[in-house]
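Working notes, structure below.
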Amino acid sequence: MNEVFDVTIIGGGPSGLYSAFYSGLRNLKTKVIESQSVLGGKVNLYPDKILWDVGGLTPITGKQFLSNCITQGLTFHPTVCLNTEVSQITKVAGIFDIRASNGAHHHTKAVILAYGSGIITPNKLAVDGAEQFERTNLHYIPSSLHAFRNKHVFLSGGGNTAIEQANELLAIANSVTLACRSNELRAHEHSVETFRNNGGTLLLETQIRSFRSNHQGEIEAISLSVGGEHRTVAADAVIVNHGFASKQDISFGAALGIQFNDNHFIEGSPDSTIGHPGIFAAGDAIAYTGKVNLLVGTFQDAVNAVNSVKQYLNPTAEKHAMVSSHNEAFVEKNKQYSL
């Protein structure tokens, strides 16, 4: 059998990262499994958005917030497995067997499901040859909008996120053209008016037909159908925001008795228990009466999940960890912050 961990956390977003931090605080041998190539979960989708509603933090960008979460989550050096998609979880002789889609097996005494809404991937263009430009100037999830400063940007999308991106780009780009496939945007009217009033170009009933590239293999022009008529638009960069698809394809052994509600979230309790000993859930993955569906709520879920794990593994353990200001785990670490 592979190395057995005290707890394995499925998902490396804010709930998984805080679970990893708190697990280390409770002296649990911890592993984090994340399907993507980076930690951070869906906050990676809005790196430039300003977050105002996280307790104890002044306004902070999604990127900065994630950097803090990752640093904190790795405090006690958990084992981290990236690019690892979980396909099945079963339990044999008191040990959970987590099978990955690549055939690898991970063994653990307890599990925390912190996979959020599942694996999120952008809906991509059905345009011949579009994938080749993903290496140059076709973007689905921009790491930062500041990369488009002083550029002519073409953005395809009709929802709130698309119009918000377009309005932010107007402040830094040379020009912004927003194309929507339908005859109206599905965004807040105020945001649409802001875009129009600040010099944005709006194209409705517009479909991308093809791209023309330059000698560097970058898109230099987009061939469009606008209301049935052909039009060509030049651009330095193309952003596609056609929404995201999410999937949760983990198969749970029947003996685990995992129950899902109509929205495919796990039915659980405020203490993060979900009905079977040793398996718990935190963050967007779990639903219960009184659930707080904000980032601040995910931290409480993580604490409850880890405390439940600790008492599952050791029924005589304290229900809660000692607060950090008195915790021996930070005696040495605190020295670097001393006045």
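Residues are named by chain letter and number: chains run A, B, ... in the order of the structure tokens, numbers start at 1 in each chain, and ligands are numbered from 1 in the order shown.
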Can you tell me, as a PyMOL selection string, which residues in stretch 15-101 of chain A count as helix (DSSP H, G or I) by DSSP? chain A and resi 15-25+41-45+62-73
task = Extract, using only C-alpha atoms, all DNA, RNA and protein residues at most 9 Å from stretch 14-24 of chain A, discarding same-chain residues fewer than 2 positions from it, and format them as a PyMOL selection string.
result = chain A and resi 7-12+26-32+39-41+43+66+69-78+112-116+282-284+295+298-303+305-307+309-310+321
Closest atom pairs, stretch 135-244 of chain A residues within 8 Å of stretch 124-128 of chain A, only C-alpha atoms, as a tab-separated table:
residue	atom	partner	partner_atom	distance
A:Tyr140	CA	A:Lys124	CA	7.6
A:Ile208	CA	A:Val127	CA	7.4
A:Arg209	CA	A:Val127	CA	6.5
A:Ser210	CA	A:Val127	CA	6.3
A:Val240	CA	A:Lys124	CA	7.6
A:His242	CA	A:Lys124	CA	7.3
Export of prior selection with C-alpha atoms as a short mmCIF file (atom, residue, chain, number, x, y, z; two decimals), in the first residue's frame:
data_model
loop_
_atom_site.label_atom_id
_atom_site.label_comp_id
_atom_site.auth_asym_id
_atom_site.auth_seq_id
_atom_site.Cartn_x
_atom_site.Cartn_y
_atom_site.Cartn_z
CA TYR A 140 -9.94 32.51 -22.11
CA ILE A 208 -16.50 34.78 -34.99
CA ARG A 209 -15.89 32.97 -38.25
CA SER A 210 -12.10 32.81 -38.54
CA VAL A 240 -13.30 34.98 -25.13
CA HIS A 242 -18.45 32.45 -23.15
#
task: Taking the chain letters and numbering used in this document, name the residues of stretch 56-188 of chain A that DSSP puts in strand (DSSP E or B), as a PyMOL selection string.
output: chain A and resi 60-61+79-81+86-92+95-100+105-113+119-122+138-139+152-156+159+175-179+186
Serialized selection, C-alpha atoms, as a PDB file, in the first residue's frame:
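Generated output (result28.pdb):
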ATOM      1  CA  ILE A  60      -7.628  43.144  -2.142  1.00  0.00           C
ATOM      2  CA  THR A  61      -7.388  41.725  -5.659  1.00  0.00           C
ATOM      3  CA  THR A  79       2.125  17.130   0.244  1.00  0.00           C
ATOM      4  CA  VAL A  80       0.565  18.729  -2.856  1.00  0.00           C
ATOM      5  CA  CYS A  81      -0.424  16.839  -6.010  1.00  0.00           C
ATOM      6  CA  VAL A  86      -9.838  12.188  -8.721  1.00  0.00           C
ATOM      7  CA  SER A  87     -12.108   9.588 -10.300  1.00  0.00           C
ATOM      8  CA  GLN A  88     -13.171   7.346  -7.400  1.00  0.00           C
ATOM      9  CA  ILE A  89     -13.176   7.203  -3.603  1.00  0.00           C
ATOM     10  CA  THR A  90     -13.780   3.949  -1.737  1.00  0.00           C
ATOM     11  CA  LYS A  91     -13.030   2.704   1.748  1.00  0.00           C
ATOM     12  CA  VAL A  92     -11.409  -0.630   2.601  1.00  0.00           C
ATOM     13  CA  ILE A  95      -8.584   3.334   4.903  1.00  0.00           C
ATOM     14  CA  PHE A  96      -9.874   5.483   2.065  1.00  0.00           C
ATOM     15  CA  ASP A  97      -8.576   4.643  -1.391  1.00  0.00           C
ATOM     16  CA  ILE A  98      -8.567   7.708  -3.648  1.00  0.00           C
ATOM     17  CA  ARG A  99      -8.067   6.731  -7.258  1.00  0.00           C
ATOM     18  CA  ALA A 100      -6.911   9.307  -9.798  1.00  0.00           C
ATOM     19  CA  HIS A 105      -3.921   5.466  -5.798  1.00  0.00           C
ATOM     20  CA  HIS A 106      -3.737   7.730  -2.732  1.00  0.00           C
ATOM     21  CA  HIS A 107      -4.434   6.285   0.709  1.00  0.00           C
ATOM     22  CA  THR A 108      -5.668   8.205   3.700  1.00  0.00           C
ATOM     23  CA  LYS A 109      -7.411   7.792   7.038  1.00  0.00           C
ATOM     24  CA  ALA A 110      -9.794  10.697   6.405  1.00  0.00           C
ATOM     25  CA  VAL A 111     -10.972  12.828   3.491  1.00  0.00           C
ATOM     26  CA  ILE A 112     -12.104  16.436   3.152  1.00  0.00           C
ATOM     27  CA  LEU A 113     -14.000  17.196  -0.054  1.00  0.00           C
ATOM     28  CA  ILE A 119     -13.518  21.079 -12.263  1.00  0.00           C
ATOM     29  CA  ILE A 120     -14.119  24.357 -14.092  1.00  0.00           C
ATOM     30  CA  THR A 121     -13.089  24.826 -17.717  1.00  0.00           C
ATOM     31  CA  PRO A 122     -13.867  27.717 -20.098  1.00  0.00           C
ATOM     32  CA  LEU A 138      -6.181  34.304 -27.735  1.00  0.00           C
ATOM     33  CA  HIS A 139      -7.191  34.266 -24.071  1.00  0.00           C
ATOM     34  CA  HIS A 152      -6.600  47.051 -29.370  1.00  0.00           C
ATOM     35  CA  VAL A 153      -8.673  44.363 -27.664  1.00  0.00           C
ATOM     36  CA  PHE A 154     -11.514  42.306 -29.116  1.00  0.00           C
ATOM     37  CA  LEU A 155     -13.682  40.659 -26.463  1.00  0.00           C
ATOM     38  CA  SER A 156     -16.416  38.109 -27.202  1.00  0.00           C
ATOM     39  CA  GLY A 159     -22.668  38.320 -19.677  1.00  0.00           C
ATOM     40  CA  SER A 175      -9.638  50.405 -27.897  1.00  0.00           C
ATOM     41  CA  VAL A 176     -12.125  47.742 -26.837  1.00  0.00           C
ATOM     42  CA  THR A 177     -14.624  46.007 -29.108  1.00  0.00           C
ATOM     43  CA  LEU A 178     -17.217  43.832 -27.383  1.00  0.00           C
ATOM     44  CA  ALA A 179     -19.033  41.274 -29.542  1.00  0.00           C
ATOM     45  CA  ARG A 186     -27.204  39.550 -20.543  1.00  0.00           C
TER      46      ARG A 186
END
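Counting only C-alpha atoms and comparing A:Ile258, A:Leu45, A:Val54, A:Leu169, the residue that lies closest to A:Leu294 is A:Val54.
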May I have the residues within 12 Å of A:Thr206 as a list in words, using only C-alpha atoms and disregarding those fewer than 3 positions away in the same chain?
Leu155, Ser156, Gly157, Gly158, Thr177, Leu178, Ala179, Cys180, Arg181, Ser182, Asn183, Glu184, Leu185, Leu202, Leu203, Arg209, Ile222, Ser223, Leu224, Ser225, Val226, Gly227, Gly228, Glu229, His230, Arg231, Thr232 and Val233 of chain A
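Pairwise distance (atom CA of A:Ile279, atom CA of A:Gln248) equals 16.7 Å.
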Counting only C-alpha atoms, the residue among A:Asn167, A:Asn314, A:Ser35, A:Thr161 that lies closest to A:Leu82 is A:Ser35
Quick one: residues within 8 Å of stretch 265-275 of chain A, only C-alpha atoms, excluding same-chain residues fewer than 6 positions away - as a count of residues only? 19
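Compared by their closest atoms to A:Ala166, and using only C-alpha atoms, the residues A:Lys319, A:Arg196, A:Arg135, A:Arg212 rank with A:Arg196 nearest.
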A:Ile250 proximity check over A:Glu205, A:Glu168, A:Glu34, A:Glu85, using only C-alpha atoms: winner is A:Glu85
